[in-house]
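Below: the structure, in structure tokens.
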Amino acid sequence: MAFKKNRLAWMVALAVQSLSVTAQAQAGSSRSSSEQLPEIKVQSSREVPPTYNLPTTTSATKVEAPLRDIPQTVNVVPQQVLQDQGAHSMESVLKWVPGIGLSHGDGQRDQVTIRGFTAIGDQFIDGLRDDALYFRDLSNIEQVEVIKGPASVLYGRGSSGGLINRITKKPGIDKSEVAATVGTWNQRRGEFDLARNFQDSGVAFRVTGAIERADSYRDKQFLNREALAPSLQFKLGSDTSLLLQAEHLSDRRITDFGIPAFRGRPVDVPARTYYGAANARDVDVSQSEVTALGFTFSHRFNDQLSVRNAFRHYDYSLDRNNTLVGSVNEAALTASLNRSNVKRDEDGYFNQTELTQKLNLAGMKHQILYGIEFGKQDKDQLFRSQNNIASVSLFNPVLPVLPLTVTAAPSTDNLGILKTSSAYLQDMVSFSEHWKALAGVRYDRFEQETEERRPGRANLNRTDRSWSPRVGLVYQPTLNQSYYASVSKSFQPSGESFPLAPNNAEIAPEKTTNQEVGAKFDFFDGNASVTASLFRLERTNIKAADPVTNRLIPIGVQRTDGLELTFTGELPGGWQLWSGYAYLDAVVTSSIARDAGQPVQGKRATLTPKHSANLWLTKNLGDGWRAGAGMNYVADRFANPGNTVTLPGYTTVDAMLGYKFAKLDLQLNINNLFDRDYIISGHGSAPNLNLPGAPRNVQLTARYAF
């Protein structure tokens, strides 16, 4: 604890030191253009222009690269989209990304499916793994990048359907901005973003932060949150820089697992109905704390060779207490309640060293990335659970008063130690003016060890070694057209992001293969883009429970055949468009597992709609006014692997009106404009944990630049 407090003190000191600098320097950068399409510029340390269509990404290749050169689907959600939609959570961002299915994450973490596969451990920040189980804040996030398909070639374990990489706000600009938001259910949120770039001294700083208090449309629910993220950049020479970053997040809320099901559908009750303790604000609360420190050192030897070393250390703690529906008696019209205490305490680090080389070889241009990564995570967990602690009416629950502490013996009490060591190689090659390729491979050595604290339990360990390749070919007949084909593979170890257990310690990693063809088109001088992709994702060696012995065995295959379309960017007449569509035929093609009395084989993947679509459109009306509106369509999904509970499809409509004068920007957002009843998310493995979506709500934001 002393070490954590020292780091938090260091963070605050960094913020104070940054704010104490008094010199000012000239700022400004502009987006330059080539003859036909915008020239690609590194965007990591300057103000990104207000656009819905950023032309580059760093996530897919670990270097700044044009999206049109990448033989893979990548969705880049820029800052302007986040602001126009009034997004403050990862859920509010990702609901606008095609191919994403939403999970409530046990009421205490961000969790989604991507192309039909769970992505519980596939969260990254600036390219470094961030798999702790918490709700993230967006006050320090510049943009969100979603890679579709396996990405183990650069990121290691996981990423069957894809991964999510948050790009942080960094020094290098001059900015002074504060924002205040008020909204329905007593929402109150304040943010600030202060940055100075002192070019004469080679020093730049940036400090962002947020504080939020809110109630909720859900009975008992509340939110108390604080975030702080200072950063400091030193220019150590014309070709060398050092970036120091820190962040702290505190999040406290009710652990909300949603509502049960009746006869194959979520129960028909008001969206506010809570199934837990009457004294939930005392005994059903999750408190998470995350503190992280890191640095990025960059040096350019010459125009052909540069090196980058990135490091991040984090501490994460979770004190989760919850009550949830365990089972439903449809005859008696009652629901039984289970109760748990969950404690997690983690710390870990990741370090990446990457060398980038540009060279001409045999008449071809190469950009080669050589990388190594090392990491270690200690994950301590203690669970206590007690089933059938109370029973409530299914449709009109009278909640019981419950004690905070579960007195049962621990069901889990161990320390998981995860170690990563890897090397990777990637080549972006231009064969000619029209033909390009991207090829790479990564080798991982992943060690897992579980130290048990329960009497009579044996310690566990295993080491997996895996190769993760990717190859893709791009054909560009003109500068505004790209056609591609690619194949990539990933691996997921038995525990992946969790400690080993006796039922999975002997099972080899699951394997995922993605085959994809697609096209990307640029319009209106590169200000708007259309993408289309057809793909098949297949995951083999999936662990399933033997119905006789209840032992996990490596039998199971899940496959997703899909189509994704996007159209984003600036249209003539002051219009900005963000839109997408996904068709996902996600099916478990082979499995002996059973769920809710039903075989899993042949069933659809959970939380994955076969059809989903979104459209968000804004218009600059002139004289400082702007307006926008959008819709989200999600077809029906299944709540559990046995497909016995269906979450009905829905369409919601959101709207926005903004007015800017002088340095003040006012924005009104109305969500779920027509007040639709719907289920926004589920658990993914249980039929009776389904979260209703929010009724119509309003938030007003005032943003002031000074």
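In the structure tokens, chains take the letters A, B, ... in the order shown, each chain's residues start at 1, and ligands count up from 1 in the order shown.
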Restrict the calculation to only C-alpha atoms, then for each residue of segment 429-504 of chain A with any atom at most 9 Å from an atom of segment 379-398 of chain A give the closest atom pair and their distance in Å to one decimal, rows by chain and rising residue number, as a Markdown table.
| residue | atom | partner | partner_atom | distance |
| --- | --- | --- | --- | --- |
| A:Ser497 | CA | A:Lys379 | CA | 8.9 |
| A:Phe498 | CA | A:Lys379 | CA | 7.5 |
| A:Pro499 | CA | A:Lys379 | CA | 7.2 |
I'd like the contact shell of Gly99 of chain A - 7 Å cut-off, only C-alpha atoms, skipping same-chain residues fewer than 5 positions apart - returned as a PDB file with all heavy atoms, in the first residue's frame.
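Result file follows (part14.pdb):
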ATOM      1  N   ILE A 114     -16.510  -9.388 -30.020  1.00  0.00           N
ATOM      2  CA  ILE A 114     -16.136  -8.845 -31.320  1.00  0.00           C
ATOM      3  C   ILE A 114     -16.259  -9.969 -32.337  1.00  0.00           C
ATOM      4  O   ILE A 114     -15.630 -11.021 -32.189  1.00  0.00           O
ATOM      5  CB  ILE A 114     -14.709  -8.282 -31.327  1.00  0.00           C
ATOM      6  CG1 ILE A 114     -14.530  -7.227 -30.224  1.00  0.00           C
ATOM      7  CG2 ILE A 114     -14.372  -7.676 -32.686  1.00  0.00           C
ATOM      8  CD1 ILE A 114     -13.122  -6.670 -30.116  1.00  0.00           C
ATOM      9  N   ARG A 115     -17.106  -9.769 -33.328  1.00  0.00           N
ATOM     10  CA  ARG A 115     -17.365 -10.774 -34.357  1.00  0.00           C
ATOM     11  C   ARG A 115     -17.740 -12.131 -33.759  1.00  0.00           C
ATOM     12  O   ARG A 115     -17.359 -13.174 -34.268  1.00  0.00           O
ATOM     13  CB  ARG A 115     -16.164 -10.906 -35.296  1.00  0.00           C
ATOM     14  CG  ARG A 115     -15.957  -9.710 -36.200  1.00  0.00           C
ATOM     15  CD  ARG A 115     -14.830  -9.901 -37.193  1.00  0.00           C
ATOM     16  NE  ARG A 115     -14.817  -8.823 -38.182  1.00  0.00           N
ATOM     17  CZ  ARG A 115     -13.898  -8.693 -39.154  1.00  0.00           C
ATOM     18  NH1 ARG A 115     -12.933  -9.592 -39.246  1.00  0.00           N
ATOM     19  NH2 ARG A 115     -13.966  -7.693 -40.010  1.00  0.00           N
ATOM     20  N   ALA A 582     -23.211  -4.702 -39.881  1.00  0.00           N
ATOM     21  CA  ALA A 582     -22.533  -5.986 -39.718  1.00  0.00           C
ATOM     22  C   ALA A 582     -23.542  -7.116 -39.822  1.00  0.00           C
ATOM     23  O   ALA A 582     -24.628  -7.056 -39.228  1.00  0.00           O
ATOM     24  CB  ALA A 582     -21.807  -6.053 -38.374  1.00  0.00           C
TER      25      ALA A 582
END
- Point-to-point distance from atom CA of Asn351 of chain A to atom CA of His248 of chain A, Å rounded to tenths: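 The value is 19.7 Å.
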Residue set, segment 107-265 of chain A restricted to helix (DSSP H, G or I), as a compact mmCIF listing (two decimals) with N, CA, C and O atoms, in the first residue's frame:
# COMPACT_ATOMS: atom_id res chain seq x y z
N GLY A 107 -21.38 -6.25 -14.09
CA GLY A 107 -21.69 -4.99 -13.42
C GLY A 107 -20.49 -4.26 -12.89
O GLY A 107 -20.64 -3.30 -12.11
N SER A 152 -2.77 -11.39 -32.61
CA SER A 152 -1.67 -11.93 -31.81
C SER A 152 -0.32 -11.67 -32.44
O SER A 152 0.71 -11.70 -31.75
N VAL A 153 -0.28 -11.40 -33.75
CA VAL A 153 1.00 -11.17 -34.43
C VAL A 153 1.77 -10.01 -33.82
O VAL A 153 3.00 -9.99 -33.85
N LEU A 154 1.07 -9.04 -33.24
CA LEU A 154 1.73 -7.91 -32.58
C LEU A 154 1.43 -7.83 -31.10
O LEU A 154 2.20 -7.23 -30.35
N TYR A 155 0.32 -8.41 -30.65
CA TYR A 155 -0.14 -8.19 -29.28
C TYR A 155 -0.13 -9.44 -28.40
O TYR A 155 -0.43 -9.36 -27.22
- Query: Using only C-alpha atoms, which residues sit within 10 Å of Asp137 of chain A once same-chain residues fewer than 5 positions away are excluded, as a list of chain:residue names?
  - Reply: A:Ala87, A:His88, A:Ser89, A:Met90, A:Gly209, A:Ala210, A:Arg225, A:Glu226, A:Ala227, A:Leu228, A:Leu249, A:Ser250, A:Asp251
- So which residues touch Asp106 of chain A within 12 Å, counting only C-alpha atoms, skipping near sequence neighbours fewer than 2 positions away, as a ChimeraX atom specification? /A:102-104,108-112,120,133-135,254-258,284-286,320-324,340,342,681-686,689-691
- Query: What lies within 12 Å of Pro270 of chain A using only C-alpha atoms, ignoring chain neighbours under 6 positions off, as a PyMOL selection string?
  - Reply: chain A and resi 217-219+258-259+395-397+676-679+691-695
Write the selection just made, keeping C-alpha atoms, as a short mmCIF file (atom, residue, chain, number, x, y, z; two decimals), in the first residue's frame?
data_model
loop_
_atom_site.label_atom_id
_atom_site.label_comp_id
_atom_site.auth_asym_id
_atom_site.auth_seq_id
_atom_site.Cartn_x
_atom_site.Cartn_y
_atom_site.Cartn_z
CA TYR A 217 -32.59 4.77 -14.13
CA ARG A 218 -31.87 1.55 -12.23
CA ASP A 219 -33.10 1.46 -8.63
CA GLY A 258 -29.78 -6.96 -14.44
CA ILE A 259 -33.05 -8.87 -14.55
CA PHE A 395 -42.47 -9.79 -11.33
CA ASN A 396 -42.75 -7.69 -8.17
CA PRO A 397 -39.65 -8.34 -6.06
CA ARG A 676 -37.90 2.53 -26.29
CA ASP A 677 -37.86 -0.39 -23.85
CA TYR A 678 -34.96 -2.72 -24.67
CA ILE A 679 -32.26 -4.99 -23.27
CA LEU A 691 -29.53 -5.53 -18.31
CA PRO A 692 -32.30 -3.17 -19.47
CA GLY A 693 -31.26 -0.17 -21.52
CA ALA A 694 -31.74 3.40 -20.35
CA PRO A 695 -35.05 5.19 -21.00
#
- Message: Taking only segment 608-667 of chain A into account, list the residues labelled strand (DSSP E or B) by DSSP (computed from the backbone), as a ChimeraX atom specification.
- Response: /A:611-622,625-634,637-638,646-647,650-661,664-667
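Residues in contact range of Ala702 of chain A, defined as at most 8 Å between only C-alpha atoms, with sequence neighbours fewer than 3 positions away removed, read Ala179, Ala180, Thr181, Leu664, Asp665, Leu666 and Gln667 of chain A.
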